[in-house]
Structures are given as structure tokens and as C-alpha cells.
$ cat protein_21.txt   # compact mmCIF, N, CA and C atoms
# COMPACT_ATOMS: atom_id res chain seq x y z
N MET A 18 21.71 -13.33 33.10
CA MET A 18 22.67 -14.39 33.40
C MET A 18 23.45 -14.03 34.66
N LYS A 19 23.51 -14.96 35.59
CA LYS A 19 24.21 -14.66 36.83
C LYS A 19 25.71 -14.89 36.67
N PRO A 20 26.50 -14.10 37.39
CA PRO A 20 27.96 -14.20 37.26
C PRO A 20 28.48 -15.57 37.74
N ASP A 21 29.57 -16.00 37.17
CA ASP A 21 30.20 -17.26 37.54
C ASP A 21 31.31 -16.97 38.55
N TYR A 22 31.10 -17.43 39.77
CA TYR A 22 32.10 -17.22 40.81
C TYR A 22 32.86 -18.51 41.12
N SER A 23 32.91 -19.42 40.17
CA SER A 23 33.64 -20.67 40.41
C SER A 23 35.13 -20.47 40.15
N ASP A 24 35.92 -21.37 40.70
CA ASP A 24 37.37 -21.36 40.51
C ASP A 24 37.76 -22.81 40.19
N ARG A 25 37.86 -23.12 38.92
CA ARG A 25 38.10 -24.51 38.50
C ARG A 25 39.44 -25.04 39.01
N GLU A 26 40.45 -24.20 39.06
CA GLU A 26 41.75 -24.65 39.58
C GLU A 26 41.62 -25.04 41.05
N LEU A 27 40.89 -24.25 41.81
CA LEU A 27 40.67 -24.57 43.23
C LEU A 27 39.79 -25.81 43.37
N ASP A 28 38.79 -25.99 42.48
CA ASP A 28 37.98 -27.21 42.49
C ASP A 28 38.87 -28.45 42.35
N HIS A 29 39.84 -28.39 41.44
CA HIS A 29 40.76 -29.52 41.23
C HIS A 29 41.64 -29.76 42.46
N PHE A 30 42.14 -28.69 43.08
CA PHE A 30 42.94 -28.82 44.29
C PHE A 30 42.13 -29.48 45.40
N ILE A 31 40.92 -28.98 45.61
CA ILE A 31 40.04 -29.52 46.65
C ILE A 31 39.79 -31.00 46.41
N ALA A 32 39.44 -31.35 45.16
CA ALA A 32 39.13 -32.75 44.84
C ALA A 32 40.31 -33.67 45.11
N SER A 33 41.47 -33.32 44.58
CA SER A 33 42.61 -34.23 44.67
C SER A 33 43.29 -34.22 46.03
N ARG A 34 43.44 -33.06 46.64
CA ARG A 34 44.22 -32.98 47.88
C ARG A 34 43.36 -33.14 49.13
N ILE A 35 42.30 -32.37 49.25
CA ILE A 35 41.50 -32.40 50.49
C ILE A 35 40.53 -33.58 50.48
N MET A 36 39.78 -33.72 49.39
CA MET A 36 38.76 -34.77 49.34
C MET A 36 39.34 -36.12 48.92
N GLU A 37 40.56 -36.12 48.37
CA GLU A 37 41.24 -37.33 47.95
C GLU A 37 40.40 -38.14 46.95
N ARG A 38 39.89 -37.41 45.93
CA ARG A 38 39.06 -38.02 44.89
C ARG A 38 39.65 -37.71 43.53
N LYS A 39 39.30 -38.55 42.57
CA LYS A 39 39.74 -38.31 41.20
C LYS A 39 38.76 -37.40 40.47
N GLY A 40 37.47 -37.56 40.70
CA GLY A 40 36.46 -36.73 40.04
C GLY A 40 36.35 -35.37 40.69
N VAL A 41 36.07 -34.37 39.88
CA VAL A 41 35.97 -32.99 40.38
C VAL A 41 34.51 -32.58 40.45
N LEU A 42 34.10 -32.09 41.58
CA LEU A 42 32.76 -31.53 41.77
C LEU A 42 32.86 -30.01 41.78
N PRO A 43 31.74 -29.31 41.64
CA PRO A 43 31.78 -27.84 41.66
C PRO A 43 31.86 -27.30 43.10
N TYR A 44 32.95 -27.62 43.78
CA TYR A 44 33.09 -27.22 45.18
C TYR A 44 32.98 -25.71 45.39
N THR A 45 33.53 -24.93 44.47
CA THR A 45 33.57 -23.48 44.66
C THR A 45 32.30 -22.77 44.21
N SER A 46 31.38 -23.49 43.59
CA SER A 46 30.18 -22.83 43.10
C SER A 46 28.87 -23.44 43.58
N ASP A 47 28.93 -24.55 44.32
CA ASP A 47 27.72 -25.24 44.76
C ASP A 47 27.85 -25.55 46.26
N ILE A 48 26.86 -25.13 47.03
CA ILE A 48 26.96 -25.28 48.50
C ILE A 48 26.97 -26.74 48.94
N GLY A 49 26.33 -27.65 48.18
CA GLY A 49 26.33 -29.07 48.56
C GLY A 49 27.74 -29.64 48.60
N PRO A 50 28.47 -29.59 47.48
CA PRO A 50 29.85 -30.07 47.51
C PRO A 50 30.74 -29.27 48.47
N ALA A 51 30.51 -27.96 48.58
CA ALA A 51 31.32 -27.16 49.51
C ALA A 51 31.10 -27.65 50.94
N TRP A 52 29.88 -28.05 51.25
CA TRP A 52 29.60 -28.53 52.61
C TRP A 52 30.27 -29.88 52.85
N GLN A 53 30.49 -30.67 51.80
CA GLN A 53 31.26 -31.90 51.94
C GLN A 53 32.70 -31.57 52.36
N VAL A 54 33.23 -30.48 51.86
CA VAL A 54 34.57 -30.02 52.24
C VAL A 54 34.57 -29.64 53.72
N VAL A 55 33.54 -28.93 54.15
CA VAL A 55 33.42 -28.55 55.57
C VAL A 55 33.42 -29.81 56.43
N ASP A 56 32.61 -30.80 56.04
CA ASP A 56 32.51 -32.04 56.80
C ASP A 56 33.87 -32.73 56.90
N LYS A 57 34.61 -32.79 55.78
CA LYS A 57 35.92 -33.43 55.77
C LYS A 57 36.91 -32.67 56.68
N MET A 58 36.88 -31.34 56.60
CA MET A 58 37.79 -30.53 57.44
C MET A 58 37.47 -30.73 58.92
N MET A 59 36.19 -30.85 59.24
CA MET A 59 35.80 -31.05 60.64
C MET A 59 36.22 -32.44 61.15
N ARG A 60 35.95 -33.45 60.34
CA ARG A 60 36.20 -34.83 60.78
C ARG A 60 37.68 -35.22 60.74
N LYS A 61 38.34 -34.93 59.64
CA LYS A 61 39.73 -35.39 59.47
C LYS A 61 40.75 -34.46 60.14
N TYR A 62 40.50 -33.15 60.06
CA TYR A 62 41.48 -32.19 60.58
C TYR A 62 41.02 -31.49 61.85
N LEU A 63 39.87 -31.94 62.38
CA LEU A 63 39.33 -31.45 63.65
C LEU A 63 39.18 -29.93 63.70
N CYS A 64 38.75 -29.36 62.59
CA CYS A 64 38.54 -27.92 62.50
C CYS A 64 37.10 -27.55 62.81
N GLU A 65 36.92 -26.35 63.27
CA GLU A 65 35.60 -25.75 63.46
C GLU A 65 35.40 -24.74 62.34
N ILE A 66 34.15 -24.48 61.97
CA ILE A 66 33.86 -23.55 60.89
C ILE A 66 33.03 -22.37 61.40
N LYS A 67 33.33 -21.21 60.86
CA LYS A 67 32.52 -20.02 61.10
C LYS A 67 32.26 -19.41 59.73
N LEU A 68 31.00 -19.07 59.46
CA LEU A 68 30.62 -18.53 58.16
C LEU A 68 29.77 -17.29 58.39
N ASP A 69 30.21 -16.17 57.85
CA ASP A 69 29.50 -14.90 57.98
C ASP A 69 29.21 -14.34 56.61
N VAL A 70 28.15 -13.54 56.53
CA VAL A 70 27.83 -12.83 55.29
C VAL A 70 27.58 -11.37 55.63
N PHE A 71 28.09 -10.51 54.78
CA PHE A 71 27.87 -9.07 54.90
C PHE A 71 27.11 -8.63 53.66
N LEU A 72 25.92 -8.10 53.85
CA LEU A 72 25.09 -7.64 52.74
C LEU A 72 25.14 -6.13 52.70
N GLY A 73 25.37 -5.58 51.54
CA GLY A 73 25.45 -4.14 51.43
C GLY A 73 25.27 -3.66 50.02
N VAL A 74 25.38 -2.37 49.85
CA VAL A 74 25.20 -1.78 48.53
C VAL A 74 26.27 -2.22 47.55
N SER A 75 27.44 -2.59 48.04
CA SER A 75 28.52 -3.03 47.16
C SER A 75 28.42 -4.52 46.84
N GLY A 76 27.40 -5.19 47.36
CA GLY A 76 27.22 -6.61 47.08
C GLY A 76 27.46 -7.46 48.31
N ASP A 77 27.27 -8.74 48.14
CA ASP A 77 27.46 -9.69 49.23
C ASP A 77 28.95 -10.02 49.39
N LEU A 78 29.34 -10.25 50.61
CA LEU A 78 30.70 -10.71 50.89
C LEU A 78 30.61 -11.79 51.96
N TRP A 79 31.06 -12.96 51.62
CA TRP A 79 31.07 -14.09 52.54
C TRP A 79 32.47 -14.23 53.12
N ILE A 80 32.51 -14.53 54.40
CA ILE A 80 33.78 -14.80 55.07
C ILE A 80 33.67 -16.15 55.76
N ALA A 81 34.57 -17.05 55.40
CA ALA A 81 34.61 -18.38 56.00
C ALA A 81 35.92 -18.51 56.76
N SER A 82 35.85 -19.13 57.91
CA SER A 82 37.10 -19.40 58.63
C SER A 82 37.03 -20.76 59.28
N PHE A 83 38.12 -21.47 59.15
CA PHE A 83 38.31 -22.73 59.84
C PHE A 83 39.22 -22.45 61.01
N TYR A 84 38.88 -23.00 62.16
CA TYR A 84 39.70 -22.83 63.35
C TYR A 84 40.21 -24.20 63.78
N SER A 85 41.52 -24.28 64.00
CA SER A 85 42.13 -25.52 64.47
C SER A 85 42.48 -25.36 65.95
N PRO A 86 41.70 -26.00 66.83
CA PRO A 86 42.02 -25.92 68.26
C PRO A 86 43.39 -26.52 68.59
N ILE A 87 43.80 -27.51 67.81
CA ILE A 87 45.09 -28.17 68.06
C ILE A 87 46.24 -27.19 67.82
N ARG A 88 46.14 -26.39 66.77
CA ARG A 88 47.18 -25.41 66.45
C ARG A 88 46.88 -24.02 66.98
N SER A 89 45.68 -23.83 67.51
CA SER A 89 45.23 -22.50 67.96
C SER A 89 45.40 -21.47 66.85
N ARG A 90 44.95 -21.85 65.65
CA ARG A 90 45.07 -20.97 64.48
C ARG A 90 43.75 -20.89 63.74
N ARG A 91 43.50 -19.74 63.17
CA ARG A 91 42.31 -19.51 62.35
C ARG A 91 42.77 -19.26 60.91
N TYR A 92 42.06 -19.89 59.98
CA TYR A 92 42.35 -19.77 58.55
C TYR A 92 41.11 -19.15 57.90
N GLU A 93 41.22 -17.93 57.47
CA GLU A 93 40.07 -17.17 57.01
C GLU A 93 40.23 -16.74 55.56
N SER A 94 39.10 -16.71 54.86
CA SER A 94 39.10 -16.25 53.48
C SER A 94 37.76 -15.63 53.14
N LYS A 95 37.75 -14.86 52.05
CA LYS A 95 36.55 -14.16 51.61
C LYS A 95 36.17 -14.61 50.21
N GLY A 96 34.90 -14.38 49.86
CA GLY A 96 34.43 -14.68 48.51
C GLY A 96 33.08 -14.05 48.27
N LYS A 97 32.73 -13.95 46.99
CA LYS A 97 31.42 -13.40 46.63
C LYS A 97 30.30 -14.40 46.91
N THR A 98 30.65 -15.68 47.14
CA THR A 98 29.67 -16.71 47.48
C THR A 98 30.20 -17.52 48.66
N ALA A 99 29.29 -18.18 49.38
CA ALA A 99 29.70 -19.02 50.50
C ALA A 99 30.61 -20.17 50.05
N PRO A 100 30.27 -20.90 48.97
CA PRO A 100 31.16 -21.99 48.56
C PRO A 100 32.58 -21.54 48.23
N LEU A 101 32.70 -20.40 47.57
CA LEU A 101 34.02 -19.90 47.21
C LEU A 101 34.83 -19.53 48.46
N ALA A 102 34.20 -18.87 49.40
CA ALA A 102 34.89 -18.50 50.65
C ALA A 102 35.28 -19.75 51.43
N ILE A 103 34.40 -20.73 51.50
CA ILE A 103 34.68 -21.99 52.21
C ILE A 103 35.89 -22.69 51.60
N CYS A 104 35.92 -22.80 50.29
CA CYS A 104 37.00 -23.52 49.61
C CYS A 104 38.34 -22.79 49.75
N ARG A 105 38.32 -21.49 49.66
CA ARG A 105 39.56 -20.73 49.84
C ARG A 105 40.11 -20.92 51.25
N ALA A 106 39.24 -20.86 52.25
CA ALA A 106 39.69 -21.04 53.64
C ALA A 106 40.15 -22.48 53.87
N ALA A 107 39.46 -23.44 53.27
CA ALA A 107 39.84 -24.85 53.43
C ALA A 107 41.23 -25.10 52.86
N LYS A 108 41.52 -24.51 51.71
CA LYS A 108 42.85 -24.69 51.11
C LYS A 108 43.92 -24.11 52.02
N GLU A 109 43.69 -22.92 52.54
CA GLU A 109 44.67 -22.28 53.44
C GLU A 109 44.90 -23.16 54.68
N ALA A 110 43.82 -23.65 55.27
CA ALA A 110 43.94 -24.51 56.46
C ALA A 110 44.67 -25.79 56.12
N PHE A 111 44.27 -26.44 55.04
CA PHE A 111 44.87 -27.70 54.64
C PHE A 111 46.37 -27.57 54.45
N LEU A 112 46.80 -26.55 53.73
CA LEU A 112 48.22 -26.38 53.43
C LEU A 112 49.04 -26.18 54.72
N ASP A 113 48.47 -25.50 55.69
CA ASP A 113 49.19 -25.31 56.95
C ASP A 113 49.15 -26.57 57.82
N LEU A 114 48.00 -27.20 57.91
CA LEU A 114 47.83 -28.35 58.79
C LEU A 114 48.58 -29.58 58.29
N VAL A 115 48.66 -29.74 56.98
CA VAL A 115 49.34 -30.90 56.40
C VAL A 115 50.83 -30.61 56.22
N GLY A 116 51.17 -29.34 56.10
CA GLY A 116 52.57 -28.97 56.00
C GLY A 116 53.13 -28.96 54.60
N ASP A 117 52.26 -28.80 53.60
CA ASP A 117 52.74 -28.74 52.21
C ASP A 117 53.24 -27.36 51.88
$ encode --input "protein_21.txt" --output "C-alpha cells"
Amino acid sequence: MKPDYSDRELDHFIASRIMERKGVLPYTSDIGPAWQVVDKMMRKYLCEIKLDVFLGVSGDLWIASFYSPIRSRRYESKGKTAPLAICRAAKEAFLDLVGD
């Protein structure tokens, strides 16, 4: 059985605040919905994305960062999976860009 790297609380935040939806998708555990978050961040908040992976004996580590050229700021986060790293970075960017 593979480990569960989802974050249901973050899924709910992403759905309601960033995606502005009532239904919750598995944003933190599925690359398809996570990529919808990337698309929204790029289109609505004019962010660029950078996604890196480090493979090693201690396991995989994904690093996602959104860059806002308007604010000249980078919002970076890490996770054991790409979707989790993307969602964590998106939340950090969103909270700063929207001012919540």
C-alpha cells in the first residue's frame, strides 16, 4: 500500500479560496487537479511556476515555486509529491497576493 500524502484541509482551502468552487477535488494528491491550480495561478494571479524534484536515498523531494513578476517575489514549498508541493506553494502565494 502506498503512503497517503494528501492534505484534506489544504484541499478544502484550495477549492474554496483559490479555485472558488464548492466541490473539493484531490488537489494535494492528484497531478490533474493540482495542474488546474497551476493554471489558475498563472492566469488569474500572473504567476510563473518552477517545479523541481530531488531523487535520493532518503526519498523523493519535490519543490514547487510560484514567482510573481508584479511583486518580484517567489513563493516556494516542498512536499513528498508534486501535487502536495504545488498546493502548498499556491496557498503561500495566494495569501500574500490577495492580502488575507
$ atom_distance --input "protein_21.txt" --atom1 "atom CA of Met36 of chain A" --atom2 "atom CA of Val70 of chain A"
25.2 Å
$ residues_around --input "protein_21.txt" --residues "Ser82 of chain A" --least-positions-apart "5" --cutoff "8 Å" --atoms "only N, CA and C atoms" --output "number ranges by chain"
A: 64-69, 91-95, 102-103, 106-107
$ residues_around --input "protein_21.txt" --residues "segment 20-35 of chain A" --least-positions-apart "5" --cutoff "6 Å" --atoms "all atoms listed in the file" --output "ChimeraX atom specification"
/A:40-42,44-46
$ axis_aligned_box --input "protein_21.txt" --around "segment 54-62 of chain A" --padding-each-side "8 Å" --output "JSON"
{"center_x": 37.0, "center_y": -32.0, "center_z": 56.9, "size_x": 25.0, "size_y": 22.8, "size_z": 26.0}
$ closest_residue --input "protein_21.txt" --among "A:Ser75, A:Ala110, A:Arg38, A:Cys104" --to "Ser89 of chain A" --atoms "only C-alpha atoms"
A:Ala110
$ atom_distance --input "protein_21.txt" --atom1 "atom N of Lys61 of chain A" --atom2 "atom CA of Arg88 of chain A"
14.7 Å
$ atom_distance --input "protein_21.txt" --atom1 "atom CA of Val55 of chain A" --atom2 "atom CA of Val74 of chain A"
28.9 Å
$ closest_residue --input "protein_21.txt" --among "A:Phe111, A:Trp79, A:Tyr84, A:Phe71" --to "Val54 of chain A" --atoms "only C-alpha atoms"
A:Phe111
$ select_by_dssp --input "protein_21.txt" --residues "chain A" --states "helix (DSSP H, G or I)" --output "PyMOL selection string"
chain A and resi 25-35+48-62+99-115
$ residues_around --input "protein_21.txt" --residues "Ile48 of chain A" --least-positions-apart "4" --cutoff "6.5 Å" --atoms "only N, CA and C atoms" --output "PyMOL selection string"
chain A and resi 44+52-53+99-100
$ closest_residue --input "protein_21.txt" --among "A:Arg105, A:Asp77, A:Leu114, A:Phe83" --to "Asp56 of chain A" --atoms "only C-alpha atoms"
A:Phe83
$ build_atoms --input "protein_21.txt" --residues "segment 59-70 of chain A" --atoms "all heavy atoms" --output "compact mmCIF listing (two decimals), keeping the file's coordinate frame"
# COMPACT_ATOMS: atom_id res chain seq x y z
N MET A 59 36.19 -30.85 59.24
CA MET A 59 35.80 -31.05 60.64
C MET A 59 36.22 -32.44 61.15
O MET A 59 36.76 -32.57 62.23
CB MET A 59 34.30 -30.85 60.80
CG MET A 59 33.86 -29.40 60.61
SD MET A 59 32.07 -29.17 60.54
CE MET A 59 31.57 -29.72 62.15
N ARG A 60 35.95 -33.45 60.34
CA ARG A 60 36.20 -34.83 60.78
C ARG A 60 37.68 -35.22 60.74
O ARG A 60 38.21 -35.78 61.68
CB ARG A 60 35.39 -35.81 59.94
CG ARG A 60 33.90 -35.69 60.18
CD ARG A 60 33.14 -36.65 59.26
NE ARG A 60 31.72 -36.42 59.31
CZ ARG A 60 30.91 -36.95 60.21
NH1 ARG A 60 31.40 -37.73 61.15
NH2 ARG A 60 29.62 -36.70 60.18
N LYS A 61 38.34 -34.93 59.64
CA LYS A 61 39.73 -35.39 59.47
C LYS A 61 40.75 -34.46 60.14
O LYS A 61 41.73 -34.93 60.70
CB LYS A 61 40.07 -35.54 57.99
CG LYS A 61 41.45 -36.16 57.78
CD LYS A 61 41.69 -36.58 56.37
CE LYS A 61 43.04 -37.26 56.25
NZ LYS A 61 43.29 -37.77 54.91
N TYR A 62 40.50 -33.15 60.06
CA TYR A 62 41.48 -32.19 60.58
C TYR A 62 41.02 -31.49 61.85
O TYR A 62 41.70 -30.60 62.33
CB TYR A 62 41.84 -31.18 59.48
CG TYR A 62 42.38 -31.87 58.26
CD1 TYR A 62 41.60 -32.03 57.13
CD2 TYR A 62 43.65 -32.43 58.26
CE1 TYR A 62 42.08 -32.70 56.02
CE2 TYR A 62 44.14 -33.11 57.16
CZ TYR A 62 43.35 -33.25 56.05
OH TYR A 62 43.83 -33.92 54.96
N LEU A 63 39.87 -31.94 62.38
CA LEU A 63 39.33 -31.45 63.65
C LEU A 63 39.18 -29.93 63.70
O LEU A 63 39.45 -29.30 64.71
CB LEU A 63 40.20 -31.94 64.81
CG LEU A 63 40.45 -33.45 64.86
CD1 LEU A 63 41.42 -33.80 65.96
CD2 LEU A 63 39.15 -34.22 64.98
N CYS A 64 38.75 -29.36 62.59
CA CYS A 64 38.54 -27.92 62.50
C CYS A 64 37.10 -27.55 62.81
O CYS A 64 36.18 -28.34 62.62
CB CYS A 64 38.85 -27.42 61.09
SG CYS A 64 40.59 -27.45 60.68
N GLU A 65 36.92 -26.35 63.27
CA GLU A 65 35.60 -25.75 63.46
C GLU A 65 35.40 -24.74 62.34
O GLU A 65 36.37 -24.19 61.82
CB GLU A 65 35.52 -25.05 64.81
CG GLU A 65 35.78 -25.99 65.97
CD GLU A 65 35.98 -25.26 67.29
OE1 GLU A 65 35.93 -24.01 67.33
OE2 GLU A 65 36.17 -25.95 68.29
N ILE A 66 34.15 -24.48 61.97
CA ILE A 66 33.86 -23.55 60.89
C ILE A 66 33.03 -22.37 61.40
O ILE A 66 32.19 -22.55 62.26
CB ILE A 66 33.12 -24.23 59.71
CG1 ILE A 66 32.80 -23.26 58.56
CG2 ILE A 66 31.81 -24.83 60.17
CD1 ILE A 66 33.82 -23.19 57.52
N LYS A 67 33.33 -21.21 60.86
CA LYS A 67 32.52 -20.02 61.10
C LYS A 67 32.26 -19.41 59.73
O LYS A 67 33.19 -19.27 58.93
CB LYS A 67 33.24 -19.03 61.99
CG LYS A 67 32.42 -17.78 62.26
CD LYS A 67 33.15 -16.83 63.19
CE LYS A 67 32.29 -15.61 63.41
NZ LYS A 67 33.04 -14.58 64.12
N LEU A 68 31.00 -19.07 59.46
CA LEU A 68 30.62 -18.53 58.16
C LEU A 68 29.77 -17.29 58.39
O LEU A 68 28.76 -17.35 59.08
CB LEU A 68 29.84 -19.58 57.37
CG LEU A 68 29.53 -19.33 55.92
CD1 LEU A 68 30.80 -19.13 55.12
CD2 LEU A 68 28.72 -20.49 55.35
N ASP A 69 30.21 -16.17 57.85
CA ASP A 69 29.50 -14.90 57.98
C ASP A 69 29.21 -14.34 56.61
O ASP A 69 29.95 -14.59 55.66
CB ASP A 69 30.35 -13.86 58.74
CG ASP A 69 30.54 -14.21 60.20
OD1 ASP A 69 29.54 -14.51 60.86
OD2 ASP A 69 31.70 -14.18 60.66
N VAL A 70 28.15 -13.54 56.53
CA VAL A 70 27.83 -12.83 55.29
C VAL A 70 27.58 -11.37 55.63
O VAL A 70 26.99 -11.05 56.65
CB VAL A 70 26.63 -13.44 54.54
CG1 VAL A 70 25.35 -13.33 55.34
CG2 VAL A 70 26.46 -12.79 53.18
